[in-house]
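K.L.:
Next up, entry.txt (compact mmCIF, C-alpha atoms).
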# COMPACT_ATOMS: atom_id res chain seq x y z
CA MET X 1 -21.64 -5.61 -51.02
CA LEU X 2 -20.16 -5.66 -47.56
CA GLN X 3 -22.60 -5.63 -44.69
CA SER X 4 -21.87 -4.67 -41.09
CA ALA X 5 -21.53 -7.75 -38.93
CA PRO X 6 -24.13 -7.95 -36.19
CA PHE X 7 -23.37 -7.02 -32.65
CA THR X 8 -22.74 -10.47 -31.23
CA PHE X 9 -22.00 -11.39 -27.63
CA ARG X 10 -18.35 -11.81 -28.58
CA ARG X 11 -18.13 -8.30 -29.99
CA LEU X 12 -20.06 -6.89 -27.04
CA ILE X 13 -17.52 -8.32 -24.62
CA ILE X 14 -14.65 -6.97 -26.70
CA TRP X 15 -16.17 -3.49 -26.76
CA LEU X 16 -17.06 -3.61 -23.08
CA GLY X 17 -13.59 -4.82 -22.19
CA ARG X 18 -11.91 -2.17 -24.27
CA ILE X 19 -13.94 0.70 -22.86
CA VAL X 20 -14.10 -0.38 -19.23
CA ILE X 21 -10.52 -1.58 -18.89
CA ALA X 22 -9.11 1.33 -20.88
CA ALA X 23 -11.02 3.82 -18.73
CA ILE X 24 -9.85 2.16 -15.53
CA PHE X 25 -6.25 1.95 -16.67
CA ILE X 26 -6.08 5.55 -17.83
CA TYR X 27 -7.76 6.78 -14.65
CA ALA X 28 -5.51 4.64 -12.45
CA GLY X 29 -2.35 5.82 -14.19
CA LEU X 30 -3.31 9.47 -13.95
CA ALA X 31 -4.43 9.12 -10.35
CA LYS X 32 -1.03 7.74 -9.37
CA LEU X 33 0.80 10.61 -11.08
CA ILE X 34 -1.47 13.49 -10.16
CA ARG X 35 -2.79 12.35 -6.75
CA TRP X 36 -6.17 14.05 -6.96
CA ASP X 37 -6.82 12.97 -3.37
CA MET X 38 -4.14 15.34 -2.07
CA HIS X 39 -4.35 19.10 -1.86
CA PRO X 40 -2.18 20.60 -3.18
CA HIS X 41 -1.22 17.89 -5.64
CA PRO X 42 2.36 16.78 -4.99
CA PRO X 43 5.05 16.88 -7.68
CA ILE X 44 5.28 13.74 -9.82
CA GLY X 45 8.50 12.67 -8.06
CA ILE X 46 6.81 12.64 -4.69
CA ALA X 47 3.66 11.02 -6.12
CA THR X 48 5.86 8.27 -7.58
CA SER X 49 7.59 7.75 -4.23
CA LEU X 50 4.24 7.51 -2.47
CA PHE X 51 3.12 4.91 -5.01
CA ALA X 52 6.38 3.04 -4.43
CA LEU X 53 5.55 2.84 -0.74
CA GLN X 54 2.16 1.36 -1.58
CA ILE X 55 3.77 -1.28 -3.79
CA ASP X 56 6.33 -1.97 -1.07
CA SER X 57 3.61 -2.68 1.47
CA TYR X 58 2.65 -5.79 -0.53
CA GLN X 59 6.05 -7.22 0.46
CA MET X 60 6.47 -9.02 -2.85
CA LEU X 61 9.33 -7.27 -4.58
CA PRO X 62 12.83 -6.11 -3.62
CA PRO X 63 13.26 -2.34 -3.24
CA TRP X 64 14.91 -1.83 -6.62
CA ALA X 65 11.99 -3.54 -8.39
CA VAL X 66 9.48 -1.57 -6.33
CA LEU X 67 11.08 1.69 -7.37
CA GLN X 68 11.19 0.77 -11.05
CA MET X 69 7.62 -0.43 -11.02
CA ALA X 70 6.46 2.77 -9.31
CA ARG X 71 8.32 4.81 -11.87
CA TRP X 72 6.99 3.12 -15.00
CA LEU X 73 3.67 1.48 -14.18
CA PRO X 74 1.49 4.63 -14.24
CA TRP X 75 2.79 5.57 -17.67
CA ILE X 76 2.35 2.02 -18.92
CA GLU X 77 -1.21 1.99 -17.62
CA ILE X 78 -2.03 5.21 -19.47
CA ALA X 79 -0.34 4.11 -22.70
CA VAL X 80 -1.88 0.66 -22.76
CA GLY X 81 -5.27 2.09 -21.85
CA LEU X 82 -5.12 4.48 -24.79
CA LEU X 83 -3.99 1.76 -27.18
CA LEU X 84 -6.81 -0.46 -26.02
CA LEU X 85 -9.28 2.34 -26.51
CA ILE X 86 -8.26 3.07 -30.07
CA GLY X 87 -8.21 -0.65 -30.82
CA TRP X 88 -4.88 -0.72 -32.62
CA ARG X 89 -3.29 -4.19 -32.56
CA LEU X 90 -6.01 -5.27 -30.20
CA ARG X 91 -4.80 -8.81 -29.72
CA ILE X 92 -1.36 -7.71 -28.58
CA TRP X 93 -2.51 -5.04 -26.16
CA SER X 94 -5.40 -7.03 -24.80
CA THR X 95 -2.97 -9.85 -24.06
CA ILE X 96 -0.61 -7.46 -22.29
CA VAL X 97 -3.46 -5.91 -20.35
CA THR X 98 -4.64 -9.35 -19.29
CA ILE X 99 -1.18 -10.26 -18.05
CA VAL X 100 -0.92 -6.97 -16.13
CA ILE X 101 -4.35 -7.33 -14.55
CA GLY X 102 -3.53 -10.96 -13.79
CA GLY X 103 -0.43 -9.79 -11.96
CA PHE X 104 -2.46 -7.28 -9.95
CA PHE X 105 -5.03 -9.94 -9.12
CA VAL X 106 -2.39 -12.37 -7.88
CA ALA X 107 -0.84 -9.66 -5.70
CA VAL X 108 -4.20 -8.66 -4.25
CA LEU X 109 -5.20 -12.27 -3.66
CA ARG X 110 -1.93 -13.01 -1.92
CA ALA X 111 -2.18 -9.93 0.28
CA TYR X 112 -5.77 -10.80 1.17
CA PHE X 113 -5.00 -14.38 2.19
CA LEU X 114 -1.91 -13.30 4.10
CA HIS X 115 -4.18 -10.86 5.99
CA LEU X 116 -1.90 -7.97 5.10
CA ASP X 117 -3.50 -4.85 6.49
CA ILE X 118 -2.59 -2.58 3.58
CA ASN X 119 -4.07 -0.18 1.09
CA CYS X 120 -4.81 -1.51 -2.37
CA GLY X 121 -2.86 1.24 -4.16
CA CYS X 122 -4.90 0.59 -7.29
CA PHE X 123 -6.02 4.18 -7.63
CA ALA X 124 -3.37 5.79 -5.42
CA LYS X 125 -5.77 7.05 -2.75
CA PRO X 126 -5.99 5.16 0.58
CA GLU X 127 -8.30 2.22 -0.04
CA PRO X 128 -8.14 -0.76 2.36
CA LEU X 129 -7.64 -4.09 0.66
CA THR X 130 -10.76 -6.13 1.40
CA GLY X 131 -12.72 -9.01 -0.06
CA LEU X 132 -14.46 -6.50 -2.26
CA THR X 133 -11.10 -5.57 -3.79
CA VAL X 134 -10.50 -9.24 -4.59
CA VAL X 135 -13.92 -9.54 -6.23
CA ARG X 136 -13.43 -6.34 -8.19
CA ASP X 137 -9.99 -7.29 -9.47
CA GLY X 138 -11.15 -10.83 -10.19
CA SER X 139 -14.05 -9.54 -12.27
CA LEU X 140 -11.76 -7.24 -14.18
CA PHE X 141 -9.36 -10.09 -14.83
CA LEU X 142 -12.21 -12.25 -16.10
CA LEU X 143 -13.34 -9.46 -18.42
CA ALA X 144 -9.79 -9.04 -19.71
CA VAL X 145 -9.41 -12.76 -20.34
CA LEU X 146 -12.70 -12.95 -22.22
CA MET X 147 -11.90 -9.83 -24.20
CA THR X 148 -8.54 -11.31 -25.24
CA ILE X 149 -9.92 -14.72 -26.12
CA PHE X 150 -12.74 -13.22 -28.15
CA ALA X 151 -10.35 -10.85 -29.88
CA PHE X 152 -8.32 -13.82 -31.07
CA MET X 153 -11.44 -15.73 -32.03
CA GLU X 154 -12.77 -12.74 -33.90
CA SER X 155 -9.59 -12.41 -35.91
CA ARG X 156 -9.49 -16.10 -36.85
CA ASN X 157 -13.14 -16.68 -37.38
CA PRO X 158 -14.90 -13.43 -38.11
CA HIS X 159 -18.64 -13.41 -38.52
CA PRO X 160 -19.60 -14.50 -42.04
CA TRP X 161 -21.32 -11.19 -42.70
CA SER X 162 -18.04 -9.36 -42.28
CA VAL X 163 -16.32 -11.46 -44.99
CA SER X 164 -16.11 -9.79 -48.46
CA ASP X 165 -17.95 -11.16 -51.52
CA SER X 166 -14.83 -12.71 -53.08
CA PRO X 167 -15.04 -16.06 -54.84
CA ALA X 168 -12.65 -17.61 -52.31
CA ALA X 169 -14.80 -16.48 -49.45
CA GLN X 170 -17.95 -17.70 -51.13
CA THR X 171 -16.38 -21.11 -51.78
CA HIS X 172 -15.13 -21.28 -48.18
CA SER X 173 -18.51 -20.46 -46.65
CA MET K 1 7.66 12.33 10.97
CA GLU K 2 4.95 11.03 13.29
CA VAL K 3 4.98 7.28 13.66
CA PHE K 4 1.90 5.60 15.11
CA THR K 5 2.64 2.11 16.34
CA ASP K 6 1.25 -0.67 18.45
CA PHE K 7 3.81 -2.68 20.39
CA GLN K 8 1.97 -5.92 19.72
CA CYS K 9 1.73 -5.33 15.96
CA PRO K 10 4.17 -7.52 13.97
CA ALA K 11 4.48 -5.02 11.12
CA CYS K 12 5.33 -2.31 13.63
CA LYS K 13 8.08 -4.51 14.98
CA VAL K 14 9.63 -4.94 11.54
CA LEU K 15 9.29 -1.23 10.78
CA TYR K 16 10.88 -0.25 14.06
CA LEU K 17 13.77 -2.71 13.98
CA THR K 18 14.68 -2.28 10.32
CA THR K 19 13.45 0.91 8.68
CA LEU K 20 13.13 3.32 11.59
CA GLN K 21 16.56 2.52 12.98
CA ARG K 22 18.10 3.60 9.69
CA VAL K 23 15.90 6.68 9.52
CA LEU K 24 17.13 7.59 12.99
CA ASP K 25 20.75 7.08 11.97
CA ASN K 26 20.61 8.88 8.63
CA TYR K 27 17.99 11.56 9.03
CA VAL K 28 17.05 12.20 12.63
CA ASN K 29 20.55 12.24 14.12
CA SER K 30 21.70 14.64 11.41
CA GLY K 31 18.80 16.94 12.08
CA LYS K 32 17.05 16.51 8.75
CA ILE K 33 13.95 14.99 10.28
CA TYR K 34 12.30 15.32 13.63
CA MET K 35 10.65 12.03 14.60
CA VAL K 36 7.78 11.67 17.05
CA HIS K 37 6.61 8.27 18.23
CA ARG K 38 2.91 8.06 19.02
CA ASP K 39 1.33 5.11 20.75
CA PHE K 40 -1.72 3.71 19.04
CA PRO K 41 -2.59 0.48 20.87
CA LEU K 42 -5.23 -1.45 18.98
CA PRO K 43 -8.15 -2.99 20.88
CA MET K 44 -7.58 -6.46 19.41
CA HIS K 45 -4.15 -6.69 21.03
CA ALA K 46 -4.52 -7.70 24.65
CA TYR K 47 -1.25 -6.36 26.00
CA SER K 48 -0.42 -3.46 23.71
CA MET K 49 -1.85 -0.85 26.07
CA VAL K 50 0.23 -2.22 28.95
CA ALA K 51 3.30 -2.14 26.73
CA ALA K 52 2.53 1.44 25.71
CA LEU K 53 2.15 2.46 29.37
CA TYR K 54 5.50 1.01 30.32
CA SER K 55 7.19 2.52 27.27
CA ARG K 56 5.72 5.95 27.99
CA ALA K 57 6.71 5.71 31.64
CA ALA K 58 10.23 4.78 30.56
CA ALA K 59 10.26 7.86 28.34
CA HIS K 60 9.57 9.98 31.40
CA ILE K 61 12.82 8.80 32.95
CA GLY K 62 14.77 9.06 29.71
CA ARG K 63 14.90 5.32 28.96
CA CYS K 64 12.39 5.22 26.13
CA GLU K 65 14.61 3.85 23.37
CA VAL K 66 15.96 0.96 25.44
CA VAL K 67 12.49 -0.13 26.50
CA GLU K 68 10.98 0.26 23.02
CA GLN K 69 13.79 -1.84 21.59
CA ALA K 70 13.27 -4.54 24.23
CA LEU K 71 9.50 -4.60 23.72
CA PHE K 72 9.73 -4.94 19.95
CA GLU K 73 12.57 -7.44 20.00
CA ASN K 74 10.78 -9.69 22.48
CA GLN K 75 7.30 -9.14 21.12
CA GLU K 76 6.61 -12.83 20.46
CA LYS K 77 7.47 -13.74 24.05
CA TRP K 78 5.46 -11.20 26.01
CA GLU K 79 2.44 -11.33 23.73
CA MET K 80 2.04 -15.02 24.60
CA ASN K 81 2.28 -14.68 28.37
CA GLY K 82 1.55 -10.98 28.88
CA ASP K 83 4.80 -10.47 30.75
CA VAL K 84 5.43 -6.89 29.64
CA LYS K 85 6.72 -5.97 33.07
CA GLY K 86 9.37 -8.69 33.02
CA THR K 87 10.51 -7.65 29.54
CA VAL K 88 10.93 -4.06 30.64
CA ALA K 89 12.58 -4.99 33.94
CA ALA K 90 15.23 -6.95 32.05
CA VAL K 91 16.63 -3.79 30.48
CA LEU K 92 16.26 -1.34 33.37
CA THR K 93 18.00 -1.08 36.68
CA PRO K 94 15.90 -1.90 39.76
CA ALA K 95 15.74 1.79 40.66
CA GLU K 96 14.60 2.74 37.17
CA MET K 97 12.04 -0.05 37.15
CA LYS K 98 10.64 1.16 40.45
CA LYS K 99 10.11 4.65 39.01
CA VAL K 100 8.52 3.23 35.86
CA GLU K 101 6.16 1.03 37.85
CA ALA K 102 5.15 3.94 40.02
CA LEU K 103 4.33 6.03 36.96
CA VAL K 104 2.31 3.22 35.40
CA GLU K 105 0.37 2.42 38.56
CA SER K 106 -0.37 6.05 39.33
CA GLY K 107 -2.03 6.47 35.96
CA ALA K 108 0.13 9.48 35.20
CA VAL K 109 1.08 8.32 31.70
CA GLN K 110 -2.35 7.17 30.53
CA PRO K 111 -3.41 10.68 29.41
CA PHE K 112 -0.40 10.86 27.10
CA ILE K 113 -1.40 7.66 25.36
CA ASP K 114 -5.01 8.81 25.17
CA ARG K 115 -3.84 12.01 23.55
CA ASP K 116 -1.75 10.09 21.03
CA LYS K 117 -4.81 8.02 20.17
CA GLN K 118 -6.89 11.15 19.67
CA ILE K 119 -4.23 12.60 17.40
CA GLY K 120 -4.16 9.33 15.48
CA GLN K 121 -7.93 9.23 15.13
CA ALA K 122 -7.86 12.74 13.69
CA VAL K 123 -5.44 11.68 10.90
CA PRO K 124 -7.23 9.14 10.71
CA VAL K 125 -4.98 6.22 11.53
CA THR K 126 -6.82 3.06 10.52
CA GLN K 127 -4.02 0.58 10.97
CA THR K 128 -0.55 0.32 12.39
CA PRO K 129 2.09 1.20 11.61
CA THR K 130 1.16 4.52 10.08
CA SER K 131 3.72 7.25 9.58
CA VAL K 132 2.71 10.78 8.74
CA LEU K 133 5.30 13.02 7.17
CA HIS K 134 4.81 16.73 7.72
CA THR K 135 6.73 19.22 5.58
CA ARG K 136 7.64 22.77 6.45
CA ASN K 137 5.06 24.13 4.03
CA GLY K 138 2.28 22.27 5.79
CA GLN K 139 1.86 19.37 3.41
CA THR K 140 1.28 15.93 4.96
CA TYR K 141 2.00 12.55 3.46
CA PRO K 142 0.69 9.40 5.13
CA VAL K 143 2.75 6.26 4.82
CA VAL K 144 0.78 3.20 5.79
CA GLY K 145 2.13 -0.21 6.67
CA GLN K 146 5.53 -1.75 6.86
CA VAL K 147 7.87 -0.21 4.32
CA SER K 148 11.50 -0.80 3.51
CA TYR K 149 14.10 1.87 4.16
CA ASP K 150 15.36 2.04 0.56
CA VAL K 151 11.89 2.90 -0.70
CA LEU K 152 11.08 5.33 2.10
CA LYS K 153 14.42 7.02 1.49
CA THR K 154 13.35 8.13 -2.00
CA LEU K 155 10.46 10.04 -0.46
CA LEU K 156 12.44 11.43 2.45
CA ASP K 157 15.22 12.71 0.19
CA GLN K 158 12.71 14.67 -1.85
CA LEU K 159 10.98 16.10 1.18
CA VAL K 160 14.12 17.24 2.98
CA LYS K 161 15.49 19.05 -0.08
So that I can check it, write out the structure of this file as C-alpha cells.
P.N.:
Amino acid sequence: MLQSAPFTFRRLIIWLGRIVIAAIFIYAGLAKLIRWDMHPHPPIGIATSLFALQIDSYQMLPPWAVLQMARWLPWIEIAVGLLLLIGWRLRIWSTIVTIVIGGFFVAVLRAYFLHLDINCGCFAKPEPLTGLTVVRDGSLFLLAVLMTIFAFMESRNPHPWSVSDSPAAQTHS
Amino acid sequence: MEVFTDFQCPACKVLYLTTLQRVLDNYVNSGKIYMVHRDFPLPMHAYSMVAALYSRAAAHIGRCEVVEQALFENQEKWEMNGDVKGTVAAVLTPAEMKKVEALVESGAVQPFIDRDKQIGQAVPVTQTPTSVLHTRNGQTYPVVGQVSYDVLKTLLDQLVK
C-alpha cells in the first residue's frame, strides 16, 4: 500500500518556494498592469509605458528591448506564477523562475553598486532601490535556487515511502 | 510636463542634453506638450544652487536656454572649481551678464527657486531628475530618473492622443 511521504525539509522548501514565489510573481505582474498605486488606474498601454520607463532607468538595455520587456514581462510573471502554483512541470518552471529572478537580482545588484538613484520597479509603485532591495531579491533568488535543486532531487531520488510496492522497487531499496 | 532638475546632477545632464532636446523639438515646439523646468538643487551638490540662481536670472532676461545648455554641457568643469559665473559669462554678452549678476546678487530670483522646491516637495520629488506629466483630465504620471527618448515617446504619444 502506498503511504504519503513525510514532509521533509526538501519538500518544505519546494512548497515554500512555490507559494511564496508564485504569490510574488502574480502580484508583481498584476501590479505592473493595473497600477493599484494610481487613482484612477491608467489604461494598460500607459501602465506598460510607465513600466518601460522604470526598466529604462536601469540603463542596461537598448530602447527596443526595454519596450519588449515592459510589454511581455508582466504577463510572463503572472503565467509562470500560476504554473508554479499548480505545480505542473515543476522542474521546468522552477528553472525558468530561477533564471528570471537571477536576472532581476543581477540588475538590482548592478544598479546598487553603480549608485543609481532609481526606483526598483519590482512592484510598479515608486520604491527606491536600497540595500534592503538587494537583500530581498537575493533571498528570493536563494529560495528559487533551492526550490529548483530540490525539485530535481525529488524527481530523481524520491523519498522511499513514496515509491510503490513493486518488486523492482523492493529489490532496488 | 514639469521637469525637476539639479544642474550638478549627472543624470539630469544626460536627460537634458539627449531626451529633453528631442521632446522640445517633437512635442513642445509643435504645441503638443507644455514643458516647465523647475529647479530642485540638492543639498549634497555644493554649487547647484548657484547654478540655479544664474539660470533663473538668465530666464528673466530671456536667455534661459543658452545658459541651461552651457551649464549642463560644462557640468564637469564648474562642479570641480565652482566657476558657475565664468561658465555663464562665456555664453552671454557683457551687458547681459551684468543684468544677470545684478539679479543674482539682489536675491530677486531666490524666491522662484524656493517656490520650485516647495512644489517639488509636494509631489514629492525624492531624486533628480524627476518629470511629472500632467494630462488635461487631471491625471499625473511621475517619471523618475534618466530615461531615453524612445521609451518616453511611447508614453507621450498615448497621453497626447
K.L.:
Please compute the atom CA of Cys122 of chain X-atom CA of Val160 of chain K distance, one decimal, in Å.
P.N.:
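Taking atom CA of Cys122 of chain X as the start and atom CA of Val160 of chain K as the end point, the length is 27.3 Å.
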K.L.:
Should the cut-off be 9 Å, what would the residue list for chain K against chain X look like, counting all atoms listed in the file, as a VMD selection string?
P.N.:
chain K and resid 127 to 128 139 to 155 158 to 159
K.L.:
What's the separation between atom CA of Pro111 of chain K and atom CA of Gln75 of chain K, in Å to one decimal place?
P.N.:
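Answer for the atom CA of Pro111 of chain K to atom CA of Gln75 of chain K separation: 24.0 Å.
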K.L.:
Which of these, K:Arg22, K:Leu156, K:Val132, K:Leu17, has the shortest distance to Asn74 of chain K once you count all atoms listed in the file?
P.N.:
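Of K:Arg22, K:Leu156, K:Val132, K:Leu17, the one nearest Asn74 of chain K is K:Leu17, counting all atoms listed in the file.
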K.L.:
Tell me, in Å to one decimal, how far atom CA of Leu85 of chain X is from atom CA of Ala65 of chain X.
P.N.:
28.6 Å
K.L.:
Calculated over all atoms listed in the file, which of the candidates K:Gln121, K:Asn137, K:Gln110, K:Gln21 has the smallest distance to Met49 of chain K?
P.N.:
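Of the candidates, the smallest distance to Met49 of chain K is held by K:Gln110.
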K.L.:
Find the residue from K:Val123, K:Cys9, K:Ala58, K:Leu20 that sits nearest to Thr93 of chain K; use only C-alpha atoms when measuring.
P.N.:
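Closest to Thr93 of chain K of all the choices is K:Ala58.
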K.L.:
Under the rule that all atoms listed in the file are counted, which of K:Ile119, K:Leu53, K:Cys64, K:Ala46 is the nearest residue to Ala102 of chain K?
P.N.:
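The shortest atom-to-atom distance to Ala102 of chain K comes from K:Leu53.
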